[in-house]
Structures are given as structure tokens and as C-alpha cells.
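K.L.:
File model.txt follows (compact mmCIF, C-alpha atoms):
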```
# COMPACT_ATOMS: atom_id res chain seq x y z
CA MET A 1 106.82 190.54 -35.98
CA LYS A 2 108.67 188.85 -33.10
CA SER A 3 106.65 190.82 -30.54
CA LEU A 4 103.35 189.77 -32.21
CA THR A 5 104.36 186.11 -32.07
CA THR A 6 105.34 186.49 -28.41
CA LEU A 7 101.98 188.16 -27.65
CA ILE A 8 100.02 185.36 -29.38
CA ARG A 9 101.98 182.72 -27.43
CA LYS A 10 101.16 184.47 -24.16
CA LEU A 11 97.46 185.00 -24.98
CA LEU A 12 96.78 181.59 -26.52
CA PRO A 13 96.62 179.67 -23.21
CA VAL A 14 94.33 182.34 -21.72
CA THR A 15 92.07 182.26 -24.79
CA LEU A 16 91.87 178.45 -24.70
CA ALA A 17 91.09 178.51 -20.97
CA ILE A 18 88.23 180.99 -21.53
CA MET A 19 86.84 178.91 -24.40
CA GLY A 20 87.00 175.78 -22.22
CA LEU A 21 85.15 177.58 -19.43
CA ILE A 22 82.41 178.72 -21.83
CA ALA A 23 82.03 175.17 -23.17
CA ALA A 24 81.86 173.73 -19.64
CA ILE A 25 79.13 176.15 -18.62
CA GLY A 26 77.08 175.41 -21.74
CA CYS A 27 77.42 171.63 -21.37
CA SER A 28 77.38 171.19 -17.62
CA LYS A 29 75.80 168.06 -16.17
CA ASP A 30 73.01 170.11 -14.61
CA SER A 31 71.97 171.69 -17.90
CA ASP A 32 71.95 168.30 -19.68
CA SER A 33 69.88 166.54 -17.02
CA ASN A 34 67.37 169.38 -16.78
CA PRO A 35 67.02 170.90 -20.25
CA VAL A 36 64.90 173.99 -20.67
CA SER A 37 62.02 173.51 -23.08
CA PRO A 38 59.45 176.04 -24.20
CA ALA A 39 56.38 176.30 -21.99
CA SER A 40 53.44 174.32 -23.30
CA ASN A 41 50.13 176.11 -23.75
CA ILE A 42 48.18 172.92 -24.39
CA ILE A 43 45.04 172.50 -22.28
CA PRO A 44 44.54 168.73 -21.84
CA GLU A 45 40.74 169.00 -21.68
CA ALA A 46 40.76 170.95 -24.96
CA ALA A 47 43.33 168.73 -26.68
CA GLU A 48 41.20 165.62 -26.08
CA ASN A 49 38.42 167.18 -28.18
CA ALA A 50 40.44 169.35 -30.56
CA GLY A 51 39.24 169.51 -34.14
CA SER A 52 36.49 170.87 -36.34
CA TYR A 53 32.90 169.77 -35.93
CA SER A 54 29.97 170.16 -38.33
CA THR A 55 27.13 171.49 -36.17
CA ASN A 56 23.35 171.85 -36.20
CA TYR A 57 20.72 173.23 -33.84
CA ARG A 58 16.98 172.56 -33.75
CA TRP A 59 13.73 173.92 -32.39
CA GLY A 60 10.89 171.61 -31.45
CA GLY A 61 12.58 168.86 -29.47
CA ALA A 62 12.93 165.31 -30.77
CA ASN A 63 10.52 165.94 -33.68
CA GLY A 64 12.10 169.23 -34.80
CA LEU A 65 14.29 169.67 -37.87
CA TRP A 66 18.04 170.15 -37.58
CA ARG A 67 19.12 173.48 -39.08
CA GLY A 68 21.90 176.03 -39.26
CA PRO A 69 24.91 174.08 -40.39
CA SER A 70 28.05 175.75 -39.10
CA THR A 71 31.44 174.74 -37.71
CA LEU A 72 32.72 174.59 -34.16
CA SER A 73 36.51 174.45 -33.86
CA VAL A 74 38.54 173.62 -30.77
CA THR A 75 42.34 173.92 -30.63
CA ASN A 76 44.79 172.15 -28.31
CA GLU A 77 45.36 175.52 -26.63
CA GLY A 78 41.67 175.95 -25.81
CA VAL A 79 40.69 178.42 -28.51
CA VAL A 80 37.05 177.80 -29.45
CA THR A 81 35.40 179.28 -32.54
CA TYR A 82 31.75 178.89 -33.54
CA GLY A 83 31.21 179.88 -37.15
CA THR A 84 33.45 182.94 -37.48
CA THR A 85 33.06 184.04 -33.85
CA ALA A 86 35.78 183.40 -31.26
CA ILE A 87 34.28 182.25 -27.97
CA ILE A 88 35.29 184.37 -24.98
CA LYS A 89 36.34 182.50 -21.83
CA PRO A 90 35.27 178.96 -22.73
CA VAL A 91 35.28 176.71 -19.68
CA PHE A 92 36.73 173.21 -20.11
CA GLU A 93 35.77 170.54 -17.61
CA ASN A 94 36.45 166.91 -18.46
CA ASP A 95 34.65 166.34 -21.78
CA LYS A 96 32.47 169.46 -21.50
CA ILE A 97 32.79 173.00 -22.80
CA THR A 98 30.53 175.82 -21.65
CA TRP A 99 30.40 179.53 -22.45
CA THR A 100 28.06 182.35 -21.49
CA MET A 101 26.68 185.64 -22.77
CA ALA A 102 27.70 187.12 -19.40
CA ASP A 103 31.33 186.79 -20.57
CA GLY A 104 30.59 188.73 -23.77
CA ASN A 105 29.60 185.89 -26.10
CA LYS A 106 26.68 186.05 -28.54
CA THR A 107 25.23 182.83 -27.07
CA ASN A 108 25.19 180.55 -24.04
CA ALA A 109 26.17 176.95 -24.67
CA SER A 110 26.99 173.72 -22.92
CA ILE A 111 28.24 170.73 -24.88
CA LYS A 112 29.53 167.28 -23.96
CA PHE A 113 31.91 165.34 -26.19
CA GLU A 114 31.76 161.58 -26.78
CA SER A 115 33.65 159.12 -28.95
CA GLU A 116 30.35 157.73 -30.31
CA SER A 117 26.65 158.07 -29.52
CA ASN A 118 23.51 156.03 -29.92
CA SER A 119 21.26 158.82 -28.62
CA ASP A 120 17.94 158.54 -30.40
CA TYR A 121 17.16 162.08 -29.25
CA PHE A 122 20.17 163.71 -30.95
CA TRP A 123 21.10 161.24 -33.71
CA ARG A 124 17.83 159.59 -34.80
CA ASP A 125 18.34 160.83 -38.38
CA HIS A 126 21.79 159.17 -38.42
CA GLY A 127 20.87 156.00 -36.52
CA GLY A 128 23.58 156.90 -34.01
CA VAL A 129 27.15 157.96 -34.79
CA LYS A 130 30.43 156.09 -34.50
CA ASP A 131 32.63 159.19 -34.75
CA ARG A 132 33.74 161.86 -32.26
CA ASN A 133 30.74 164.10 -31.56
CA PHE A 134 29.12 166.44 -29.09
CA THR A 135 25.58 167.10 -27.89
CA GLY A 136 24.11 169.80 -25.69
CA PHE A 137 22.38 173.14 -26.07
CA ILE A 138 22.95 176.60 -27.46
CA GLN A 139 20.90 179.64 -26.51
CA ASN A 140 20.50 182.96 -28.33
CA PRO A 141 19.63 186.18 -26.46
CA GLY A 142 15.95 186.34 -25.46
CA GLU A 143 15.25 182.74 -26.50
CA GLY A 144 15.12 179.37 -24.80
CA PRO A 145 17.88 176.79 -25.27
CA LEU A 146 18.03 174.87 -28.55
CA ASP A 147 19.31 171.35 -29.02
CA PHE A 148 22.86 171.52 -30.34
CA ARG A 149 25.00 168.77 -31.85
CA GLY A 150 28.25 168.39 -33.73
CA LEU A 151 30.06 165.66 -35.61
CA LYS A 152 33.84 165.75 -36.07
CA LYS A 153 34.84 166.42 -39.69
```
Kindly transcribe the structure held in the file into C-alpha cells.
P.N.:
Amino acid sequence: MKSLTTLIRKLLPVTLAIMGLIAAIGCSKDSDSNPVSPASNIIPEAAENAGSYSTNYRWGGANGLWRGPSTLSVTNEGVVTYGTTAIIKPVFENDKITWTMADGNKTNASIKFESESNSDYFWRDHGGVKDRNFTGFIQNPGEGPLDFRGLKK
């Protein structure tokens, strides 16, 4: 028993010194002034327009009827989904998103986001909109571009 007590007395200062060293490394001034945080995957151009939008397209220009209600979703990380289809390689530039069939998508599209719109061409049936929205075109294979609009849900 006496030898165990002697051993503990000899090892205790060493153990405390090691514990102090570990604590100093973990709480050094450098680590506190420059903490490591997880990398952010947020794309600022996407985050500005993130959300779900009720969409329509139309044939026939300004006098055509809006059809095909669906949803376009944009995440902060730049994931774009139209209906149930994930868009491949969407390009974000300021308040615009474009995608192409050349990248493997089912459609081509180019849309521009706005905080409100008084466009008689796109929103005549609403008398303009005061909510986040987008306007542009969508194009199916073998067809011309169709007017395309969306209103944030």
C-alpha cells in the first residue's frame, strides 16, 4: 500500500502537467481568435431568391392563356427543382437563373427575379404583383420558347 501511495505522489505532478498542457493547447489564444467553423455551401445569388414559386407558362404571347401550374424551388445552396425534376448545372448570375438542355435538363430556361412587378405583359391578369416573383422563358425540346413566370408562395 505504501508503494502505491508513493507512486501516486510521484505521478500526480506529471499527470497534472500533461492535463495543463492539453488544456493550454485546446484554449490557446490563436484558436480563440480564429475559430474553425464549418464551411458554408450557401450561394449568395441563390440565397437572395431562395423559396418556392408557383409557376405558369403560356403559348400565344400577351393574349395567350397561362397554363401548367407547377412549382420551382430554389435553395440557399443553389439546388433548383422544377416540378419533381432537379435542374442540372443551374447558372446563377445576379438575379437570374439559367439552365440548358445541353447540360442534360429536359428544358432550357432563363428567369429573372424581382421583388415586385408591374409588367402588363407577364402580370396583366393580376394587375401587377407586389410579391417576390420571376419572369422569363422556358423551352421544351423541338419547340420555341414559352413565356414563363412564377410567384413566391
K.L.:
For CA of Lys152 in chain A and CA of Arg124 in chain A, quote the distance in Å rounded to one decimal.
P.N.:
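Answer for the CA of Lys152 in chain A to CA of Arg124 in chain A separation: 17.2 Å.
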K.L.:
Give me, as an MDAnalysis selection string, all polymer residues having an atom no more than 9 Å from Pro145 in chain A, counting all atoms listed in the file and skipping those fewer than 5 positions away in the same chain.
P.N.:
chainID A and resid 59 108:109 137:140
K.L.:
Please report the interatomic distance between CA of Arg67 in chain A and CA of Ala47 in chain A in Å with one decimal.
P.N.:
27.6 Å
K.L.:
I'd like the interatomic distance between CA of Thr75 in chain A and CA of Tyr121 in chain A, to a tenth of an Å.
P.N.:
27.9 Å
K.L.:
Select all residues near (24.5, 160.4, -27.6) (cut-off 10 Å, inclusive, file coordinates), counting all atoms listed in the file, and output them as a PyMOL selection string.
P.N.:
chain A and resi 112-124+128-129+133-136+149
K.L.:
Let me see the file: selected residues, C-alpha atoms, as a PDB file, in the frame of the given file.
P.N.:
```
ATOM      1  CA  LYS A 112      29.530 167.280 -23.960  1.00  0.00           C
ATOM      2  CA  PHE A 113      31.910 165.340 -26.190  1.00  0.00           C
ATOM      3  CA  GLU A 114      31.760 161.580 -26.780  1.00  0.00           C
ATOM      4  CA  SER A 115      33.650 159.120 -28.950  1.00  0.00           C
ATOM      5  CA  GLU A 116      30.350 157.730 -30.310  1.00  0.00           C
ATOM      6  CA  SER A 117      26.650 158.070 -29.520  1.00  0.00           C
ATOM      7  CA  ASN A 118      23.510 156.030 -29.920  1.00  0.00           C
ATOM      8  CA  SER A 119      21.260 158.820 -28.620  1.00  0.00           C
ATOM      9  CA  ASP A 120      17.940 158.540 -30.400  1.00  0.00           C
ATOM     10  CA  TYR A 121      17.160 162.080 -29.250  1.00  0.00           C
ATOM     11  CA  PHE A 122      20.170 163.710 -30.950  1.00  0.00           C
ATOM     12  CA  TRP A 123      21.100 161.240 -33.710  1.00  0.00           C
ATOM     13  CA  ARG A 124      17.830 159.590 -34.800  1.00  0.00           C
ATOM     14  CA  GLY A 128      23.580 156.900 -34.010  1.00  0.00           C
ATOM     15  CA  VAL A 129      27.150 157.960 -34.790  1.00  0.00           C
ATOM     16  CA  ASN A 133      30.740 164.100 -31.560  1.00  0.00           C
ATOM     17  CA  PHE A 134      29.120 166.440 -29.090  1.00  0.00           C
ATOM     18  CA  THR A 135      25.580 167.100 -27.890  1.00  0.00           C
ATOM     19  CA  GLY A 136      24.110 169.800 -25.690  1.00  0.00           C
ATOM     20  CA  ARG A 149      25.000 168.770 -31.850  1.00  0.00           C
TER      21      ARG A 149
END
```
K.L.:
Closest to Pro69 in chain A among A:Asp95, A:Ile88, A:Asn56, A:Arg132, using only C-alpha atoms?
P.N.:
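Nearest candidate to Pro69 in chain A out of A:Asp95, A:Ile88, A:Asn56, A:Arg132: A:Asn56.
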K.L.:
Write out as a tab-separated table (two decimals) with C-alpha atoms, keeping the file's coordinate frame the residues lying within 12 Å of Asn105 in chain A, counting only C-alpha atoms and excluding same-chain residues fewer than 6 positions away.
P.N.:
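Final output, saved to selection.tsv:
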```
chain	number	residue	atom	x	y	z
A	80	VAL	CA	37.05	177.80	-29.45
A	81	THR	CA	35.40	179.28	-32.54
A	82	TYR	CA	31.75	178.89	-33.54
A	85	THR	CA	33.06	184.04	-33.85
A	86	ALA	CA	35.78	183.40	-31.26
A	87	ILE	CA	34.28	182.25	-27.97
A	88	ILE	CA	35.29	184.37	-24.98
A	89	LYS	CA	36.34	182.50	-21.83
A	90	PRO	CA	35.27	178.96	-22.73
A	98	THR	CA	30.53	175.82	-21.65
A	99	TRP	CA	30.40	179.53	-22.45
A	138	ILE	CA	22.95	176.60	-27.46
A	139	GLN	CA	20.90	179.64	-26.51
A	140	ASN	CA	20.50	182.96	-28.33
A	141	PRO	CA	19.63	186.18	-26.46
```
K.L.:
Using only C-alpha atoms, which residues sit within 9 Å of Ile43 in chain A once same-chain residues fewer than 2 positions away are excluded, as a list of chain:residue names?
P.N.:
A:Ser40, A:Asn41, A:Glu45, A:Ala46, A:Ala47, A:Glu48, A:Thr75, A:Asn76, A:Glu77, A:Gly78, A:Phe92
K.L.:
With all atoms listed in the file as the counted atoms, please give the residues lying no more than 7 Å from Arg58 in chain A, apart from itself and same-chain residues fewer than 5 positions off, as number ranges by chain.
P.N.:
A: 64-67, 146-148
K.L.:
Just to be explicit: take each residue in the selection above, keep C-alpha atoms, and write the result as a tab-separated table (two decimals), in the coordinates of the input.
P.N.:
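File produced: result.tsv:
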```tsv
chain	number	residue	atom	x	y	z
A	64	GLY	CA	12.10	169.23	-34.80
A	65	LEU	CA	14.29	169.67	-37.87
A	66	TRP	CA	18.04	170.15	-37.58
A	67	ARG	CA	19.12	173.48	-39.08
A	146	LEU	CA	18.03	174.87	-28.55
A	147	ASP	CA	19.31	171.35	-29.02
A	148	PHE	CA	22.86	171.52	-30.34
```
K.L.:
Which of these residues is nearest to Asp131 in chain A, using all atoms listed in the file: A:Thr107, A:Asn49, A:Gly144, A:Pro44?
P.N.:
A:Asn49
K.L.:
Pick from A:Val79, A:Ala50, A:Ile42, A:Leu72: nearest to Val91 in chain A, with all atoms listed in the file counted?
P.N.:
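Residue with the minimum atom-to-atom distance to Val91 in chain A: A:Val79.
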